[in-house]
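Engineer: So I've got this file, start-v7.txt, and it contains compact mmCIF, C-alpha atoms:
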```txt
# COMPACT_ATOMS: atom_id res chain seq x y z
CA MET A 1 -120.38 36.65 55.25
CA ASN A 2 -118.47 38.86 57.71
CA THR A 3 -121.51 41.18 57.98
CA LEU A 4 -123.77 38.19 58.68
CA LYS A 5 -121.38 36.90 61.32
CA THR A 6 -121.24 40.30 62.99
CA GLY A 7 -125.04 40.54 62.95
CA ILE A 8 -125.36 37.13 64.60
CA LEU A 9 -122.82 38.08 67.27
CA MET A 10 -124.60 41.38 67.92
CA VAL A 11 -127.87 39.51 68.41
CA ALA A 12 -126.05 37.13 70.77
CA LEU A 13 -124.72 40.06 72.80
CA MET A 14 -128.16 41.63 73.10
CA GLY A 15 -129.65 38.24 73.95
CA LEU A 16 -127.08 37.82 76.69
CA PHE A 17 -128.03 41.17 78.18
CA ILE A 18 -131.72 40.19 78.22
CA ALA A 19 -130.87 36.75 79.66
CA VAL A 20 -128.92 38.35 82.49
CA GLY A 21 -131.97 40.48 83.26
CA ALA A 22 -134.14 37.35 83.30
CA MET A 23 -131.78 35.52 85.64
CA ILE A 24 -131.74 38.43 88.04
CA GLY A 25 -135.42 39.38 87.94
CA GLY A 26 -137.38 36.68 86.16
CA THR A 27 -139.92 37.74 83.54
CA GLY A 28 -140.05 41.28 84.84
CA GLY A 29 -136.27 41.54 84.75
CA MET A 30 -136.23 40.26 81.18
CA VAL A 31 -138.71 42.91 80.06
CA ILE A 32 -136.79 45.65 81.86
CA ALA A 33 -133.52 44.45 80.33
CA PHE A 34 -135.08 44.48 76.86
CA LEU A 35 -136.29 48.06 77.33
CA ILE A 36 -132.90 49.11 78.69
CA ALA A 37 -131.12 47.44 75.75
CA ALA A 38 -133.37 49.24 73.26
CA GLY A 39 -132.76 52.55 75.02
CA MET A 40 -129.00 51.99 75.08
CA ASN A 41 -128.94 51.26 71.37
CA LEU A 42 -130.81 54.47 70.62
CA PHE A 43 -128.51 56.42 72.91
CA ALA A 44 -125.42 54.78 71.39
CA TYR A 45 -126.59 55.59 67.87
CA TRP A 46 -126.90 59.32 68.56
CA ASN A 47 -124.45 60.03 71.37
CA SER A 48 -121.88 57.25 71.87
CA ASP A 49 -119.21 58.98 69.79
CA LYS A 50 -119.40 62.11 71.94
CA MET A 51 -119.38 60.00 75.10
CA LEU A 52 -116.35 58.01 73.94
CA LEU A 53 -114.36 61.10 72.95
CA ARG A 54 -115.18 62.77 76.27
CA MET A 55 -114.17 59.59 78.12
CA PHE A 56 -110.68 59.80 76.62
CA ASP A 57 -110.34 63.58 77.03
CA ALA A 58 -110.10 64.13 73.28
CA HIS A 59 -109.86 67.64 71.85
CA GLU A 60 -110.83 68.51 68.30
CA VAL A 61 -108.12 69.50 65.83
CA THR A 62 -108.71 72.32 63.36
CA PRO A 63 -106.71 73.39 60.29
CA ALA A 64 -105.38 76.26 62.41
CA SER A 65 -104.47 74.30 65.55
CA ASN A 66 -102.60 71.47 63.80
CA PRO A 67 -102.52 71.89 60.02
CA GLY A 68 -100.15 68.96 59.51
CA LEU A 69 -102.37 66.35 61.15
CA TYR A 70 -105.55 67.84 59.73
CA ASN A 71 -104.18 67.90 56.18
CA MET A 72 -102.86 64.36 56.50
CA VAL A 73 -106.33 63.09 57.47
CA ALA A 74 -107.90 65.14 54.68
CA ARG A 75 -105.51 63.70 52.09
CA LEU A 76 -106.16 60.11 53.18
CA ALA A 77 -109.92 60.64 53.49
CA GLU A 78 -109.97 61.92 49.92
CA ARG A 79 -108.11 58.79 48.77
CA ALA A 80 -110.64 56.67 50.67
CA ARG A 81 -113.50 58.63 49.04
CA LEU A 82 -114.88 59.51 52.45
CA PRO A 83 -116.30 62.75 53.82
CA MET A 84 -113.75 64.62 55.91
CA PRO A 85 -114.02 63.16 59.44
CA LYS A 86 -113.52 65.21 62.56
CA VAL A 87 -110.00 64.88 63.95
CA TYR A 88 -109.16 64.61 67.65
CA ILE A 89 -106.08 64.29 69.84
CA SER A 90 -106.25 62.56 73.23
CA GLN A 91 -103.73 63.55 75.91
CA ASN A 92 -102.43 60.06 76.56
CA PRO A 93 -98.79 58.84 76.65
CA GLN A 94 -99.68 55.43 75.22
CA PRO A 95 -99.40 55.36 71.41
CA ASN A 96 -102.83 54.37 70.12
CA ALA A 97 -105.79 55.49 68.02
CA PHE A 98 -109.47 54.79 67.43
CA ALA A 99 -112.33 55.84 65.16
CA THR A 100 -115.95 56.46 66.04
CA GLY A 101 -119.17 57.86 64.57
CA ARG A 102 -122.50 56.38 63.53
CA ASP A 103 -121.76 56.58 59.79
CA PRO A 104 -119.13 57.97 57.39
CA GLN A 105 -120.90 61.35 57.38
CA HIS A 106 -120.36 61.60 61.15
CA GLY A 107 -116.97 59.89 61.42
CA ALA A 108 -114.19 60.91 63.77
CA VAL A 109 -110.57 59.83 64.09
CA CYS A 110 -108.70 60.19 67.38
CA VAL A 111 -104.95 59.74 67.93
CA THR A 112 -103.09 59.95 71.22
CA THR A 113 -100.24 62.31 71.96
CA GLY A 114 -98.12 59.20 72.53
CA LEU A 115 -98.74 58.13 68.93
CA MET A 116 -97.84 61.58 67.65
CA GLU A 117 -94.58 61.56 69.61
CA ARG A 118 -93.37 58.06 68.77
CA CYS A 119 -94.34 57.42 65.14
CA THR A 120 -92.91 58.77 61.93
CA SER A 121 -95.26 60.58 59.57
CA GLU A 122 -95.42 57.46 57.39
CA GLU A 123 -96.39 55.26 60.35
CA LEU A 124 -98.93 57.85 61.50
CA ALA A 125 -100.45 57.89 58.01
CA GLY A 126 -100.71 54.10 58.11
CA VAL A 127 -102.58 54.25 61.43
CA ILE A 128 -104.95 56.97 60.23
CA ALA A 129 -105.64 54.98 57.05
CA HIS A 130 -106.53 51.97 59.24
CA GLU A 131 -109.01 54.07 61.22
CA LEU A 132 -110.49 55.44 58.00
CA GLY A 133 -110.85 51.82 56.93
CA HIS A 134 -113.07 51.24 59.98
CA ILE A 135 -115.17 54.23 58.98
CA ARG A 136 -115.41 53.11 55.36
CA ASN A 137 -116.38 49.60 56.44
CA ARG A 138 -119.03 51.11 58.75
CA ASP A 139 -117.50 49.35 61.76
CA THR A 140 -117.59 52.35 64.05
CA LEU A 141 -121.28 52.21 64.99
CA ILE A 142 -121.19 48.46 65.63
CA MET A 143 -118.00 48.68 67.67
CA THR A 144 -119.30 51.56 69.76
CA ILE A 145 -122.63 49.82 70.48
CA VAL A 146 -120.71 46.68 71.44
CA ALA A 147 -118.67 48.76 73.90
CA VAL A 148 -121.83 50.19 75.47
CA VAL A 149 -123.65 46.86 75.75
CA ALA A 150 -120.61 44.91 76.97
CA GLY A 151 -119.98 47.53 79.64
CA ALA A 152 -123.64 47.42 80.67
CA ILE A 153 -123.52 43.62 81.01
CA GLY A 154 -120.59 43.98 83.39
CA MET A 155 -122.50 46.53 85.48
CA LEU A 156 -125.63 44.36 85.45
CA ALA A 157 -123.60 41.40 86.67
CA ASN A 158 -122.26 43.50 89.55
CA MET A 159 -125.84 44.43 90.44
CA ALA A 160 -126.78 40.75 90.64
CA MET A 161 -125.50 40.37 94.20
CA PHE A 162 -127.72 43.23 95.36
CA MET A 163 -130.75 42.19 93.29
CA GLY A 164 -130.91 38.44 93.83
CA GLY A 165 -130.18 35.56 96.10
CA GLY A 166 -133.34 35.56 98.17
CA GLY A 167 -136.27 33.20 98.18
CA ASP A 168 -138.41 34.98 95.59
CA ARG A 169 -138.35 32.26 92.92
CA GLU A 170 -140.47 34.24 90.46
CA ARG A 171 -138.20 37.26 90.54
CA ASN A 172 -134.98 35.27 90.71
CA PRO A 173 -135.72 31.75 89.39
CA LEU A 174 -132.27 30.30 90.12
CA GLY A 175 -131.77 31.93 93.51
CA ILE A 176 -128.23 32.40 94.79
CA VAL A 177 -126.90 29.89 92.25
CA GLY A 178 -128.20 32.09 89.44
CA VAL A 179 -126.66 35.17 91.00
CA VAL A 180 -123.22 33.53 91.23
CA LEU A 181 -123.46 32.25 87.65
CA VAL A 182 -124.42 35.71 86.39
CA MET A 183 -121.60 37.39 88.27
CA LEU A 184 -118.97 34.94 86.99
CA LEU A 185 -120.10 33.98 83.50
CA ALA A 186 -121.95 36.96 82.03
CA PRO A 187 -118.93 39.32 81.81
CA ILE A 188 -116.78 36.51 80.36
CA ALA A 189 -119.44 35.67 77.76
CA ALA A 190 -119.71 39.36 76.83
CA MET A 191 -115.93 39.56 76.41
CA LEU A 192 -115.94 36.49 74.15
CA VAL A 193 -118.63 37.95 71.89
CA GLN A 194 -116.90 41.33 71.91
CA SER A 195 -113.60 39.70 70.93
CA ALA A 196 -115.17 37.70 68.11
CA ILE A 197 -116.69 40.84 66.60
CA SER A 198 -113.54 42.91 66.89
CA ARG A 199 -110.85 40.48 65.75
CA SER A 200 -112.22 39.91 62.24
CA ARG A 201 -112.89 43.61 61.76
CA GLU A 202 -109.30 44.51 62.65
CA PHE A 203 -108.02 42.37 59.78
CA ASP A 204 -110.51 44.02 57.40
CA ALA A 205 -109.49 47.50 58.56
CA ASP A 206 -105.79 46.63 58.14
CA LYS A 207 -106.48 45.62 54.54
CA ALA A 208 -108.58 48.72 53.88
CA GLY A 209 -105.95 50.96 55.50
CA ALA A 210 -103.20 49.45 53.35
CA GLU A 211 -105.29 50.12 50.24
CA ILE A 212 -106.06 53.70 51.30
CA SER A 213 -102.44 54.65 52.04
CA GLY A 214 -101.04 52.60 49.19
CA ARG A 215 -98.21 51.49 51.49
CA PRO A 216 -99.02 48.41 53.61
CA ALA A 217 -95.53 48.65 55.14
CA TRP A 218 -96.41 51.95 56.83
CA LEU A 219 -99.13 50.29 58.90
CA ALA A 220 -96.99 47.20 59.50
CA ASP A 221 -94.17 49.36 60.88
CA ALA A 222 -96.63 51.34 63.00
CA LEU A 223 -98.22 48.23 64.53
CA GLY A 224 -94.82 46.94 65.64
CA GLN A 225 -93.90 50.31 67.10
CA ILE A 226 -97.24 50.73 68.90
CA GLU A 227 -97.28 47.17 70.25
CA ARG A 228 -93.84 47.52 71.81
CA ALA A 229 -94.56 50.89 73.40
CA ALA A 230 -98.13 50.14 74.54
CA LYS A 231 -96.99 47.17 76.64
CA GLY A 232 -94.96 49.45 78.88
CA LEU A 233 -97.19 52.51 78.97
CA PRO A 234 -100.52 52.69 80.81
CA ASN A 235 -103.80 53.91 79.38
CA PRO A 236 -105.72 54.79 82.56
CA ALA A 237 -108.94 55.74 80.75
CA ALA A 238 -109.03 52.41 78.89
CA ASP A 239 -108.15 50.46 82.06
CA ALA A 240 -111.08 52.17 83.78
CA ASN A 241 -113.38 51.33 80.84
CA PRO A 242 -112.17 47.94 79.54
CA ALA A 243 -115.28 47.48 77.37
CA THR A 244 -113.81 50.11 75.03
CA ALA A 245 -110.55 48.21 74.43
CA HIS A 246 -111.65 46.85 71.04
CA MET A 247 -112.04 50.39 69.71
CA PHE A 248 -108.26 50.93 69.66
CA ILE A 249 -105.86 49.86 66.92
CA VAL A 250 -103.80 47.89 69.50
CA ASN A 251 -105.05 46.47 72.81
CA PRO A 252 -104.60 49.29 75.36
CA LEU A 253 -105.14 47.15 78.47
CA HIS A 254 -102.60 45.67 80.86
CA GLY A 255 -102.97 42.46 82.85
CA GLY A 256 -106.23 40.96 84.06
CA LEU A 257 -108.25 38.99 81.51
CA SER A 258 -107.09 41.12 78.59
CA GLY A 259 -104.60 38.49 77.48
CA LEU A 260 -107.01 35.58 77.82
CA PHE A 261 -109.83 37.26 75.91
CA SER A 262 -107.94 39.55 73.56
CA THR A 263 -110.10 41.89 71.51
CA HIS A 264 -107.38 42.05 68.84
CA PRO A 265 -105.78 39.41 66.64
CA PRO A 266 -102.06 38.78 67.27
CA THR A 267 -100.09 41.81 66.13
CA GLN A 268 -97.43 39.65 64.48
CA GLU A 269 -100.09 37.97 62.36
CA ARG A 270 -101.43 41.37 61.32
CA ILE A 271 -97.93 42.52 60.41
CA ALA A 272 -97.26 39.33 58.42
CA ARG A 273 -100.44 39.84 56.38
CA LEU A 274 -99.49 43.43 55.65
CA ARG A 275 -95.96 42.42 54.64
CA ALA A 276 -97.45 39.90 52.24
CA MET A 277 -99.56 42.66 50.70
CA SER A 278 -96.44 44.80 50.33
CA SER A 279 -94.56 42.14 48.45
CA GLY A 280 -97.41 41.41 46.09
CA ALA A 281 -98.86 44.82 45.30
CA ALA A 282 -97.62 47.73 43.22
CA ALA A 283 -96.90 50.86 45.23
CA VAL A 284 -99.31 53.77 44.83
CA ASP A 285 -97.86 57.27 44.93
CA VAL A 286 -99.66 59.33 47.57
CA GLY A 287 -97.45 62.38 47.14
CA PRO A 288 -95.48 64.13 49.90
CA LEU A 289 -96.92 63.71 53.38
CA PRO A 290 -97.47 66.81 55.52
CA GLN A 291 -95.43 67.27 58.65
CA VAL A 292 -97.14 66.93 62.00
CA ALA A 293 -96.22 69.10 64.96
CA ARG A 294 -95.25 67.12 68.04
CA ALA A 295 -93.28 67.30 71.26
CA ALA A 296 -90.68 64.75 70.14
CA ALA A 297 -89.89 63.23 66.80
CA ARG A 298 -88.48 59.86 65.80
CA GLY A 299 -86.91 59.49 62.38
CA PRO A 300 -87.04 61.67 59.27
CA TRP A 301 -90.07 63.78 58.35
CA GLY A 302 -91.75 64.74 55.11
```
Written as structure tokens, how would this file's structure read?

Structural biologist:
Amino acid sequence: MNTLKTGILMVALMGLFIAVGAMIGGTGGMVIAFLIAAGMNLFAYWNSDKMLLRMFDAHEVTPASNPGLYNMVARLAERARLPMPKVYISQNPQPNAFATGRDPQHGAVCVTTGLMERCTSEELAGVIAHELGHIRNRDTLIMTIVAVVAGAIGMLANMAMFMGGGGDRERNPLGIVGVVLVMLLAPIAAMLVQSAISRSREFDADKAGAEISGRPAWLADALGQIERAAKGLPNPAADANPATAHMFIVNPLHGGLSGLFSTHPPTQERIARLRAMSSGAAAVDVGPLPQVARAAARGPWG
């Protein structure tokens, strides 16, 4: 049912993009928007992960450069029965993380330096398990395509003022009224669809992450820690590219419409669900966790 819902919402998002093209340029604009949407999907399928990692200045981790983090991901990926994903660190003070890749064979997990500095190894493992849950659930391709299309809708809406408003009724059937409607409503509609897709998938990834780590409390503790810190620390790359907000484990944005159209379910509700899993499930022994090198540490390690 969740897959069907996501498929319907994806179709709605693509339909919105085509409708915006029609409102700006009539039949010709609709055709152009359709071709652009098809091209974007192809591009997103093959290249969006690289684009996203470059956008957040992420650098790949190797067994030599950070054996602790690499081995932690390898241990959890093995428990999740996933191929070893690529591992990245983004130079960003805000504690956060995201996963990307078109399928589990091309998955990647990225954590910020802020996450490495502020979380214990147990909390870090909980976050990584959550991101592996996205990969196992095959969310990463959908979420990345949604980011690309939602961002494109915003840009198309900004173009509306330059493209429409004149007297050419065939090219712009609704005239200046249509232009104003596109500028105001299209980005909001895209955010609503984007939020609907992301919110349900965050709950699923929380559940999967708890199963992978065997310790739901690790992720619950991490979410509380990240939520508190992220509110006071900026994420300039995410603020500059708000269509990517749903990729992160916790909303990275500050102010604006991010609170009205949150791409994430309430953190306290996520924590409550994880606590309920902790109280009702037998603990699974994952063995000793590797240490992770960092600039500052909070709490005991190993």

Engineer: Could you check how far atom CA of A:Leu35 sits from atom CA of A:Ile18, in Å to one decimal?

Structural biologist: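 Interatomic distance here is 9.1 Å.
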
Engineer: To one decimal place in Å, what is the distance between atom CA of A:Val87 and atom CA of A:Ser121?

Structural biologist: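 Between atom CA of A:Val87 and atom CA of A:Ser121 the gap works out to 16.0 Å.
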
Engineer: Rank A:Trp218, A:Tyr70, A:Phe98, A:Trp46 by their smallest atom-to-atom distance to A:Val250, using only C-alpha atoms, and report the top residue only.

Structural biologist: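 Ranking A:Trp218, A:Tyr70, A:Phe98, A:Trp46 by distance to A:Val250, first place goes to A:Phe98.
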
Engineer: Between A:Met84, A:Met51, A:Met277, A:Ile153, which residue has the minimum interatomic distance to A:Gly214, considering all atoms listed in the file?

Structural biologist: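 The answer is A:Met277, which sits nearest to A:Gly214.
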
Engineer: Rank nothing, just name the residue among A:Pro83, A:Thr120, A:Ala74, A:Pro93 nearest to A:Leu233, using all atoms listed in the file.

Structural biologist: A:Pro93

Engineer: Kindly give the distance, in Å, that separates atom CA of A:His106 and atom CA of A:Val11, rounded to a single decimal.

Structural biologist: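 Taking atom CA of A:His106 and atom CA of A:Val11, their separation equals 24.4 Å.
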
Engineer: Between A:Ile212, A:Met143, A:Ala99, A:Ala205, single out the one closest to A:Ala125, counting only C-alpha atoms.

Structural biologist: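 Ranking A:Ile212, A:Met143, A:Ala99, A:Ala205 by distance to A:Ala125, first place goes to A:Ile212.
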
Engineer: List as JSON, numbers by chain the protein and nucleic acid residues near A:Leu76, meaning an atom at most 12 Å away when only C-alpha atoms are counted, but skip any in the same chain fewer than 6 places from it.

Structural biologist: {"A": [69, 70, 82, 83, 84, 85, 109, 122, 124, 125, 126, 127, 128, 129, 130, 131, 132, 133, 136, 208, 209, 210, 211, 212, 213, 214, 215, 286, 287, 288, 289, 290]}

Engineer: Could you check which of A:Ile135, A:Leu274, A:Ala108, A:Met55 is closest to A:Asn241, using all atoms listed in the file?

Structural biologist: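 Checking each of A:Ile135, A:Leu274, A:Ala108, A:Met55 against A:Asn241, counting all atoms listed in the file, the winner is A:Met55.
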
Engineer: With all atoms listed in the file as the basis for distance, which of A:Arg54, A:His59, A:His264, A:Arg102 is at the shortest distance from A:Ile249?

Structural biologist: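 Using all atoms listed in the file, A:Ile249 sits closest to A:His264.
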
Engineer: Please return, as a list in words, all polymer residues that have at least one atom within 8 Å of the point (-117.5, 47.9, 76.8); use all atoms listed in the file and the file's own coordinate frame.

Structural biologist: Val146, Ala147, Val148, Val149, Ala150, Gly151, Ala152, Asn241, Pro242, Ala243, Thr244 and Ala245 of chain A
